[in-house]
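Next comes final_24.pdb, a file with PDB, N, CA and C atoms, pLDDT in the B column.
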```
ATOM      1  N   MET A   1     -51.047-151.941 -32.149  1.00 42.00           N
ATOM      2  CA  MET A   1     -51.003-153.069 -31.235  1.00 42.00           C
ATOM      3  C   MET A   1     -52.356-153.183 -30.557  1.00 42.00           C
ATOM      4  N   ASN A   2     -52.896-154.364 -30.547  1.00 50.00           N
ATOM      5  CA  ASN A   2     -54.196-154.612 -29.945  1.00 50.00           C
ATOM      6  C   ASN A   2     -54.005-155.015 -28.487  1.00 50.00           C
ATOM      7  N   LEU A   3     -54.560-154.224 -27.579  1.00 56.00           N
ATOM      8  CA  LEU A   3     -54.433-154.502 -26.160  1.00 56.00           C
ATOM      9  C   LEU A   3     -55.763-155.001 -25.617  1.00 56.00           C
ATOM     10  N   ASP A   4     -55.722-156.000 -24.794  1.00 77.00           N
ATOM     11  CA  ASP A   4     -56.918-156.585 -24.211  1.00 77.00           C
ATOM     12  C   ASP A   4     -57.024-156.122 -22.760  1.00 77.00           C
ATOM     13  N   GLU A   5     -58.030-155.298 -22.472  1.00 75.00           N
ATOM     14  CA  GLU A   5     -58.187-154.721 -21.133  1.00 75.00           C
ATOM     15  C   GLU A   5     -58.312-155.797 -20.056  1.00 75.00           C
ATOM     16  N   THR A   6     -59.038-156.854 -20.338  1.00 83.00           N
ATOM     17  CA  THR A   6     -59.207-157.926 -19.352  1.00 83.00           C
ATOM     18  C   THR A   6     -57.881-158.596 -19.035  1.00 83.00           C
ATOM     19  N   ALA A   7     -57.101-158.894 -20.058  1.00 84.00           N
ATOM     20  CA  ALA A   7     -55.797-159.528 -19.846  1.00 84.00           C
ATOM     21  C   ALA A   7     -54.867-158.610 -19.060  1.00 84.00           C
ATOM     22  N   ILE A   8     -54.918-157.321 -19.365  1.00 82.00           N
ATOM     23  CA  ILE A   8     -54.073-156.374 -18.644  1.00 82.00           C
ATOM     24  C   ILE A   8     -54.494-156.305 -17.183  1.00 82.00           C
ATOM     25  N   ASN A   9     -55.800-156.238 -16.930  1.00 84.00           N
ATOM     26  CA  ASN A   9     -56.289-156.218 -15.550  1.00 84.00           C
ATOM     27  C   ASN A   9     -55.894-157.482 -14.795  1.00 84.00           C
ATOM     28  N   GLU A  10     -55.959-158.621 -15.451  1.00 88.00           N
ATOM     29  CA  GLU A  10     -55.553-159.879 -14.817  1.00 88.00           C
ATOM     30  C   GLU A  10     -54.063-159.855 -14.480  1.00 88.00           C
ATOM     31  N   LYS A  11     -53.247-159.357 -15.401  1.00 86.00           N
ATOM     32  CA  LYS A  11     -51.806-159.276 -15.168  1.00 86.00           C
ATOM     33  C   LYS A  11     -51.499-158.317 -14.028  1.00 86.00           C
ATOM     34  N   ILE A  12     -52.193-157.190 -13.976  1.00 86.00           N
ATOM     35  CA  ILE A  12     -52.006-156.238 -12.887  1.00 86.00           C
ATOM     36  C   ILE A  12     -52.360-156.903 -11.555  1.00 86.00           C
ATOM     37  N   GLY A  13     -53.452-157.631 -11.509  1.00 89.00           N
ATOM     38  CA  GLY A  13     -53.837-158.347 -10.295  1.00 89.00           C
ATOM     39  C   GLY A  13     -52.787-159.362  -9.879  1.00 89.00           C
ATOM     40  N   GLN A  14     -52.242-160.079 -10.849  1.00 90.00           N
ATOM     41  CA  GLN A  14     -51.196-161.071 -10.574  1.00 90.00           C
ATOM     42  C   GLN A  14     -49.950-160.388 -10.012  1.00 90.00           C
ATOM     43  N   LEU A  15     -49.537-159.282 -10.621  1.00 87.00           N
ATOM     44  CA  LEU A  15     -48.351-158.566 -10.153  1.00 87.00           C
ATOM     45  C   LEU A  15     -48.559-158.011  -8.753  1.00 87.00           C
ATOM     46  N   ARG A  16     -49.743-157.500  -8.477  1.00 87.00           N
ATOM     47  CA  ARG A  16     -50.027-156.995  -7.127  1.00 87.00           C
ATOM     48  C   ARG A  16     -49.981-158.130  -6.114  1.00 87.00           C
ATOM     49  N   SER A  17     -50.502-159.286  -6.487  1.00 91.00           N
ATOM     50  CA  SER A  17     -50.445-160.447  -5.594  1.00 91.00           C
ATOM     51  C   SER A  17     -49.000-160.866  -5.326  1.00 91.00           C
ATOM     52  N   GLU A  18     -48.173-160.841  -6.356  1.00 89.00           N
ATOM     53  CA  GLU A  18     -46.762-161.183  -6.187  1.00 89.00           C
ATOM     54  C   GLU A  18     -46.068-160.191  -5.259  1.00 89.00           C
ATOM     55  N   LEU A  19     -46.410-158.901  -5.373  1.00 87.00           N
ATOM     56  CA  LEU A  19     -45.822-157.901  -4.490  1.00 87.00           C
ATOM     57  C   LEU A  19     -46.234-158.135  -3.037  1.00 87.00           C
ATOM     58  N   VAL A  20     -47.499-158.456  -2.818  1.00 89.00           N
ATOM     59  CA  VAL A  20     -47.983-158.727  -1.460  1.00 89.00           C
ATOM     60  C   VAL A  20     -47.267-159.950  -0.897  1.00 89.00           C
ATOM     61  N   PHE A  21     -47.155-161.012  -1.699  1.00 90.00           N
ATOM     62  CA  PHE A  21     -46.460-162.220  -1.250  1.00 90.00           C
ATOM     63  C   PHE A  21     -45.017-161.907  -0.892  1.00 90.00           C
ATOM     64  N   LEU A  22     -44.349-161.149  -1.746  1.00 87.00           N
ATOM     65  CA  LEU A  22     -42.949-160.809  -1.516  1.00 87.00           C
ATOM     66  C   LEU A  22     -42.794-159.962  -0.252  1.00 87.00           C
ATOM     67  N   ALA A  23     -43.689-159.000  -0.056  1.00 86.00           N
ATOM     68  CA  ALA A  23     -43.636-158.164   1.151  1.00 86.00           C
ATOM     69  C   ALA A  23     -43.820-159.028   2.398  1.00 86.00           C
ATOM     70  N   ASP A  24     -44.759-159.966   2.354  1.00 88.00           N
ATOM     71  CA  ASP A  24     -44.967-160.872   3.488  1.00 88.00           C
ATOM     72  C   ASP A  24     -43.735-161.720   3.746  1.00 88.00           C
ATOM     73  N   GLU A  25     -43.123-162.211   2.684  1.00 88.00           N
ATOM     74  CA  GLU A  25     -41.925-163.030   2.820  1.00 88.00           C
ATOM     75  C   GLU A  25     -40.781-162.227   3.432  1.00 88.00           C
ATOM     76  N   ILE A  26     -40.614-160.994   2.994  1.00 85.00           N
ATOM     77  CA  ILE A  26     -39.563-160.127   3.542  1.00 85.00           C
ATOM     78  C   ILE A  26     -39.820-159.878   5.021  1.00 85.00           C
ATOM     79  N   GLU A  27     -41.070-159.599   5.382  1.00 84.00           N
ATOM     80  CA  GLU A  27     -41.411-159.353   6.784  1.00 84.00           C
ATOM     81  C   GLU A  27     -41.142-160.588   7.639  1.00 84.00           C
ATOM     82  N   THR A  28     -41.494-161.762   7.137  1.00 89.00           N
ATOM     83  CA  THR A  28     -41.262-163.008   7.868  1.00 89.00           C
ATOM     84  C   THR A  28     -39.769-163.242   8.093  1.00 89.00           C
ATOM     85  N   ILE A  29     -38.977-163.034   7.064  1.00 85.00           N
ATOM     86  CA  ILE A  29     -37.524-163.218   7.191  1.00 85.00           C
ATOM     87  C   ILE A  29     -36.959-162.216   8.197  1.00 85.00           C
ATOM     88  N   GLY A  30     -37.425-160.968   8.126  1.00 82.00           N
ATOM     89  CA  GLY A  30     -36.953-159.946   9.054  1.00 82.00           C
ATOM     90  C   GLY A  30     -37.287-160.294  10.494  1.00 82.00           C
ATOM     91  N   GLU A  31     -38.505-160.755  10.725  1.00 87.00           N
ATOM     92  CA  GLU A  31     -38.906-161.152  12.080  1.00 87.00           C
ATOM     93  C   GLU A  31     -38.099-162.349  12.556  1.00 87.00           C
ATOM     94  N   ASP A  32     -37.865-163.293  11.669  1.00 88.00           N
ATOM     95  CA  ASP A  32     -37.069-164.475  12.021  1.00 88.00           C
ATOM     96  C   ASP A  32     -35.634-164.074  12.356  1.00 88.00           C
ATOM     97  N   ALA A  33     -35.093-163.130  11.610  1.00 85.00           N
ATOM     98  CA  ALA A  33     -33.725-162.675  11.867  1.00 85.00           C
ATOM     99  C   ALA A  33     -33.617-161.980  13.224  1.00 85.00           C
ATOM    100  N   VAL A  34     -34.670-161.278  13.629  1.00 83.00           N
ATOM    101  CA  VAL A  34     -34.664-160.630  14.939  1.00 83.00           C
ATOM    102  C   VAL A  34     -34.750-161.676  16.047  1.00 83.00           C
ATOM    103  N   ARG A  35     -35.602-162.681  15.848  1.00 89.00           N
ATOM    104  CA  ARG A  35     -35.776-163.735  16.860  1.00 89.00           C
ATOM    105  C   ARG A  35     -34.584-164.671  16.933  1.00 89.00           C
ATOM    106  N   GLN A  36     -33.967-164.950  15.786  1.00 87.00           N
ATOM    107  CA  GLN A  36     -32.868-165.907  15.720  1.00 87.00           C
ATOM    108  C   GLN A  36     -31.677-165.306  14.967  1.00 87.00           C
ATOM    109  N   PRO A  37     -31.031-164.302  15.548  1.00 83.00           N
ATOM    110  CA  PRO A  37     -29.944-163.642  14.819  1.00 83.00           C
ATOM    111  C   PRO A  37     -28.792-164.584  14.468  1.00 83.00           C
ATOM    112  N   GLU A  38     -28.633-165.643  15.261  1.00 84.00           N
ATOM    113  CA  GLU A  38     -27.548-166.588  14.974  1.00 84.00           C
ATOM    114  C   GLU A  38     -27.785-167.361  13.674  1.00 84.00           C
ATOM    115  N   LYS A  39     -29.010-167.387  13.227  1.00 83.00           N
ATOM    116  CA  LYS A  39     -29.367-168.113  12.003  1.00 83.00           C
ATOM    117  C   LYS A  39     -28.905-167.370  10.741  1.00 83.00           C
ATOM    118  N   TYR A  40     -28.769-166.056  10.865  1.00 82.00           N
ATOM    119  CA  TYR A  40     -28.431-165.229   9.713  1.00 82.00           C
ATOM    120  C   TYR A  40     -27.170-164.436  10.001  1.00 82.00           C
ATOM    121  N   GLY A  41     -26.233-164.491   9.109  1.00 83.00           N
ATOM    122  CA  GLY A  41     -25.061-163.626   9.207  1.00 83.00           C
ATOM    123  C   GLY A  41     -25.318-162.351   8.430  1.00 83.00           C
ATOM    124  N   PRO A  42     -24.526-161.340   8.651  1.00 82.00           N
ATOM    125  CA  PRO A  42     -24.716-160.069   7.931  1.00 82.00           C
ATOM    126  C   PRO A  42     -24.668-160.232   6.409  1.00 82.00           C
ATOM    127  N   LYS A  43     -23.775-161.086   5.924  1.00 84.00           N
ATOM    128  CA  LYS A  43     -23.658-161.280   4.468  1.00 84.00           C
ATOM    129  C   LYS A  43     -24.922-161.953   3.909  1.00 84.00           C
ATOM    130  N   ALA A  44     -25.431-162.955   4.624  1.00 83.00           N
ATOM    131  CA  ALA A  44     -26.647-163.644   4.161  1.00 83.00           C
ATOM    132  C   ALA A  44     -27.835-162.685   4.127  1.00 83.00           C
ATOM    133  N   LEU A  45     -27.961-161.852   5.162  1.00 81.00           N
ATOM    134  CA  LEU A  45     -29.058-160.883   5.189  1.00 81.00           C
ATOM    135  C   LEU A  45     -28.924-159.863   4.060  1.00 81.00           C
ATOM    136  N   GLU A  46     -27.714-159.432   3.793  1.00 82.00           N
ATOM    137  CA  GLU A  46     -27.498-158.482   2.707  1.00 82.00           C
ATOM    138  C   GLU A  46     -27.853-159.109   1.360  1.00 82.00           C
ATOM    139  N   GLU A  47     -27.488-160.352   1.153  1.00 85.00           N
ATOM    140  CA  GLU A  47     -27.829-161.047  -0.091  1.00 85.00           C
ATOM    141  C   GLU A  47     -29.341-161.216  -0.225  1.00 85.00           C
ATOM    142  N   LEU A  48     -30.015-161.571   0.866  1.00 83.00           N
ATOM    143  CA  LEU A  48     -31.478-161.688   0.842  1.00 83.00           C
ATOM    144  C   LEU A  48     -32.124-160.347   0.516  1.00 83.00           C
ATOM    145  N   ARG A  49     -31.635-159.300   1.173  1.00 81.00           N
ATOM    146  CA  ARG A  49     -32.181-157.965   0.928  1.00 81.00           C
ATOM    147  C   ARG A  49     -31.986-157.562  -0.531  1.00 81.00           C
ATOM    148  N   HIS A  50     -30.802-157.803  -1.049  1.00 86.00           N
ATOM    149  CA  HIS A  50     -30.496-157.442  -2.439  1.00 86.00           C
ATOM    150  C   HIS A  50     -31.403-158.211  -3.407  1.00 86.00           C
ATOM    151  N   THR A  51     -31.545-159.490  -3.182  1.00 88.00           N
ATOM    152  CA  THR A  51     -32.384-160.322  -4.047  1.00 88.00           C
ATOM    153  C   THR A  51     -33.838-159.875  -4.011  1.00 88.00           C
ATOM    154  N   HIS A  52     -34.359-159.666  -2.816  1.00 86.00           N
ATOM    155  CA  HIS A  52     -35.755-159.261  -2.684  1.00 86.00           C
ATOM    156  C   HIS A  52     -35.993-157.865  -3.254  1.00 86.00           C
ATOM    157  N   MET A  53     -35.077-156.950  -3.026  1.00 86.00           N
ATOM    158  CA  MET A  53     -35.256-155.607  -3.579  1.00 86.00           C
ATOM    159  C   MET A  53     -35.226-155.634  -5.106  1.00 86.00           C
ATOM    160  N   GLY A  54     -34.371-156.461  -5.672  1.00 90.00           N
ATOM    161  CA  GLY A  54     -34.349-156.608  -7.124  1.00 90.00           C
ATOM    162  C   GLY A  54     -35.685-157.111  -7.647  1.00 90.00           C
ATOM    163  N   GLU A  55     -36.263-158.053  -6.949  1.00 88.00           N
ATOM    164  CA  GLU A  55     -37.559-158.598  -7.353  1.00 88.00           C
ATOM    165  C   GLU A  55     -38.666-157.554  -7.184  1.00 88.00           C
ATOM    166  N   VAL A  56     -38.630-156.794  -6.112  1.00 87.00           N
ATOM    167  CA  VAL A  56     -39.613-155.733  -5.899  1.00 87.00           C
ATOM    168  C   VAL A  56     -39.523-154.705  -7.026  1.00 87.00           C
ATOM    169  N   LEU A  57     -38.321-154.295  -7.369  1.00 89.00           N
ATOM    170  CA  LEU A  57     -38.149-153.315  -8.450  1.00 89.00           C
ATOM    171  C   LEU A  57     -38.638-153.856  -9.786  1.00 89.00           C
ATOM    172  N   ARG A  58     -38.371-155.125 -10.053  1.00 89.00           N
ATOM    173  CA  ARG A  58     -38.838-155.739 -11.300  1.00 89.00           C
ATOM    174  C   ARG A  58     -40.366-155.750 -11.355  1.00 89.00           C
ATOM    175  N   LEU A  59     -40.979-156.162 -10.253  1.00 89.00           N
ATOM    176  CA  LEU A  59     -42.441-156.225 -10.215  1.00 89.00           C
ATOM    177  C   LEU A  59     -43.057-154.835 -10.337  1.00 89.00           C
ATOM    178  N   ARG A  60     -42.476-153.870  -9.668  1.00 87.00           N
ATOM    179  CA  ARG A  60     -43.000-152.498  -9.764  1.00 87.00           C
ATOM    180  C   ARG A  60     -42.905-151.975 -11.189  1.00 87.00           C
ATOM    181  N   ALA A  61     -41.780-152.207 -11.837  1.00 92.00           N
ATOM    182  CA  ALA A  61     -41.604-151.744 -13.217  1.00 92.00           C
ATOM    183  C   ALA A  61     -42.613-152.415 -14.141  1.00 92.00           C
ATOM    184  N   GLU A  62     -42.807-153.721 -13.957  1.00 89.00           N
ATOM    185  CA  GLU A  62     -43.772-154.439 -14.795  1.00 89.00           C
ATOM    186  C   GLU A  62     -45.190-153.955 -14.516  1.00 89.00           C
ATOM    187  N   LEU A  63     -45.506-153.714 -13.251  1.00 89.00           N
ATOM    188  CA  LEU A  63     -46.827-153.214 -12.883  1.00 89.00           C
ATOM    189  C   LEU A  63     -47.062-151.825 -13.472  1.00 89.00           C
ATOM    190  N   ASP A  64     -46.074-150.941 -13.363  1.00 90.00           N
ATOM    191  CA  ASP A  64     -46.194-149.608 -13.964  1.00 90.00           C
ATOM    192  C   ASP A  64     -46.430-149.701 -15.463  1.00 90.00           C
ATOM    193  N   SER A  65     -45.704-150.596 -16.118  1.00 89.00           N
ATOM    194  CA  SER A  65     -45.852-150.774 -17.560  1.00 89.00           C
ATOM    195  C   SER A  65     -47.263-151.232 -17.917  1.00 89.00           C
ATOM    196  N   MET A  66     -47.780-152.189 -17.155  1.00 86.00           N
ATOM    197  CA  MET A  66     -49.126-152.699 -17.423  1.00 86.00           C
ATOM    198  C   MET A  66     -50.183-151.637 -17.148  1.00 86.00           C
ATOM    199  N   GLU A  67     -50.005-150.873 -16.076  1.00 86.00           N
ATOM    200  CA  GLU A  67     -50.962-149.809 -15.776  1.00 86.00           C
ATOM    201  C   GLU A  67     -50.931-148.733 -16.853  1.00 86.00           C
ATOM    202  N   ASN A  68     -49.742-148.416 -17.365  1.00 89.00           N
ATOM    203  CA  ASN A  68     -49.636-147.451 -18.469  1.00 89.00           C
ATOM    204  C   ASN A  68     -50.311-147.976 -19.727  1.00 89.00           C
ATOM    205  N   ALA A  69     -50.126-149.263 -20.010  1.00 85.00           N
ATOM    206  CA  ALA A  69     -50.771-149.870 -21.180  1.00 85.00           C
ATOM    207  C   ALA A  69     -52.287-149.829 -21.032  1.00 85.00           C
ATOM    208  N   LEU A  70     -52.761-150.104 -19.818  1.00 83.00           N
ATOM    209  CA  LEU A  70     -54.205-150.070 -19.571  1.00 83.00           C
ATOM    210  C   LEU A  70     -54.742-148.657 -19.737  1.00 83.00           C
ATOM    211  N   GLN A  71     -54.013-147.680 -19.214  1.00 85.00           N
ATOM    212  CA  GLN A  71     -54.452-146.294 -19.363  1.00 85.00           C
ATOM    213  C   GLN A  71     -54.468-145.879 -20.826  1.00 85.00           C
ATOM    214  N   SER A  72     -53.479-146.302 -21.594  1.00 85.00           N
ATOM    215  CA  SER A  72     -53.447-146.003 -23.029  1.00 85.00           C
ATOM    216  C   SER A  72     -54.629-146.626 -23.740  1.00 85.00           C
ATOM    217  N   LEU A  73     -54.952-147.854 -23.356  1.00 81.00           N
ATOM    218  CA  LEU A  73     -56.102-148.532 -23.952  1.00 81.00           C
ATOM    219  C   LEU A  73     -57.389-147.782 -23.626  1.00 81.00           C
ATOM    220  N   LYS A  74     -57.544-147.387 -22.374  1.00 81.00           N
ATOM    221  CA  LYS A  74     -58.751-146.642 -21.990  1.00 81.00           C
ATOM    222  C   LYS A  74     -58.831-145.316 -22.724  1.00 81.00           C
ATOM    223  N   ASN A  75     -57.685-144.642 -22.845  1.00 84.00           N
ATOM    224  CA  ASN A  75     -57.661-143.381 -23.592  1.00 84.00           C
ATOM    225  C   ASN A  75     -58.087-143.585 -25.035  1.00 84.00           C
ATOM    226  N   ALA A  76     -57.585-144.651 -25.646  1.00 83.00           N
ATOM    227  CA  ALA A  76     -57.927-144.960 -27.050  1.00 83.00           C
ATOM    228  C   ALA A  76     -59.419-145.291 -27.174  1.00 83.00           C
ATOM    229  N   LEU A  77     -59.934-146.040 -26.203  1.00 80.00           N
ATOM    230  CA  LEU A  77     -61.343-146.435 -26.257  1.00 80.00           C
ATOM    231  C   LEU A  77     -62.278-145.239 -26.093  1.00 80.00           C
ATOM    232  N   TYR A  78     -61.873-144.305 -25.268  1.00 81.00           N
ATOM    233  CA  TYR A  78     -62.741-143.172 -24.980  1.00 81.00           C
ATOM    234  C   TYR A  78     -62.348-141.908 -25.736  1.00 81.00           C
ATOM    235  N   GLY A  79     -61.381-142.032 -26.645  1.00 80.00           N
ATOM    236  CA  GLY A  79     -60.989-140.921 -27.502  1.00 80.00           C
ATOM    237  C   GLY A  79     -60.256-139.804 -26.789  1.00 80.00           C
ATOM    238  N   VAL A  80     -59.584-140.134 -25.708  1.00 68.00           N
ATOM    239  CA  VAL A  80     -58.808-139.136 -24.957  1.00 68.00           C
ATOM    240  C   VAL A  80     -57.414-139.054 -25.554  1.00 68.00           C
ATOM    241  N   LYS A  81     -56.959-137.845 -25.825  1.00 61.00           N
ATOM    242  CA  LYS A  81     -55.611-137.674 -26.345  1.00 61.00           C
ATOM    243  C   LYS A  81     -54.664-137.524 -25.169  1.00 61.00           C
ATOM    244  N   SER A  82     -53.510-138.239 -25.253  1.00 52.00           N
ATOM    245  CA  SER A  82     -52.535-138.146 -24.155  1.00 52.00           C
ATOM    246  C   SER A  82     -51.414-137.223 -24.493  1.00 52.00           C
TER     247      SER A  82
END
```
Go ahead and express the file in the form of structure tokens.
Amino acid sequence: MNLDETAINEKIGQLRSELVFLADEIETIGEDAVRQPEKYGPKALEELRHTHMGEVLRLRAELDSMENALQSLKNALYGVKS
């Protein structure tokens, strides 16, 4: 399989940006829930938490996969055995 280091680096950057955006969104929702608890019921907050955590786990798994692919590519380029 031919791996392109530039494409992998771009994908890693994109995934990191998505994680930062998601973390900011979670923080904003949490702050809003503290300021306006009447706006959110316990069930709605639990659903939001579940949805966001699922997305965080997906992004982390994809990021780990891309970083592993990049490391494999670097190992192959520099003749390092893993």
Given 4 Å of margin on each side, can you work out the centre and size in Å (one decimal) of an axis-aligned box holding every listed atom of segment 41-51 of chain A, as AutoDock Vina command-line options?
```
--center_x -28.7 --center_y -161.0 --center_z 2.6 --size_x 18.2 --size_y 15.0 --size_z 21.3
```
- Can you work out which one of A:Arg49, A:Lys43, A:Lys11, A:Asp24 has the shortest atom-to-atom distance to Glu62 of chain A, counting all atoms listed in the file? A:Lys11
- Out of A:Leu48, A:Met66, A:Ala76, A:Val56, which residue has the shortest atom-to-atom distance to Leu22 of chain A when counting all atoms listed in the file? A:Val56
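For the residues A:Leu63, A:Tyr78, A:Leu73, A:Thr51, ranking by smallest atom-to-atom distance to Glu10 of chain A using only C-alpha atoms places A:Leu63 first.
Across the model, the gap from atom CA of Leu59 of chain A to atom CA of Leu15 of chain A is 6.4 Å.
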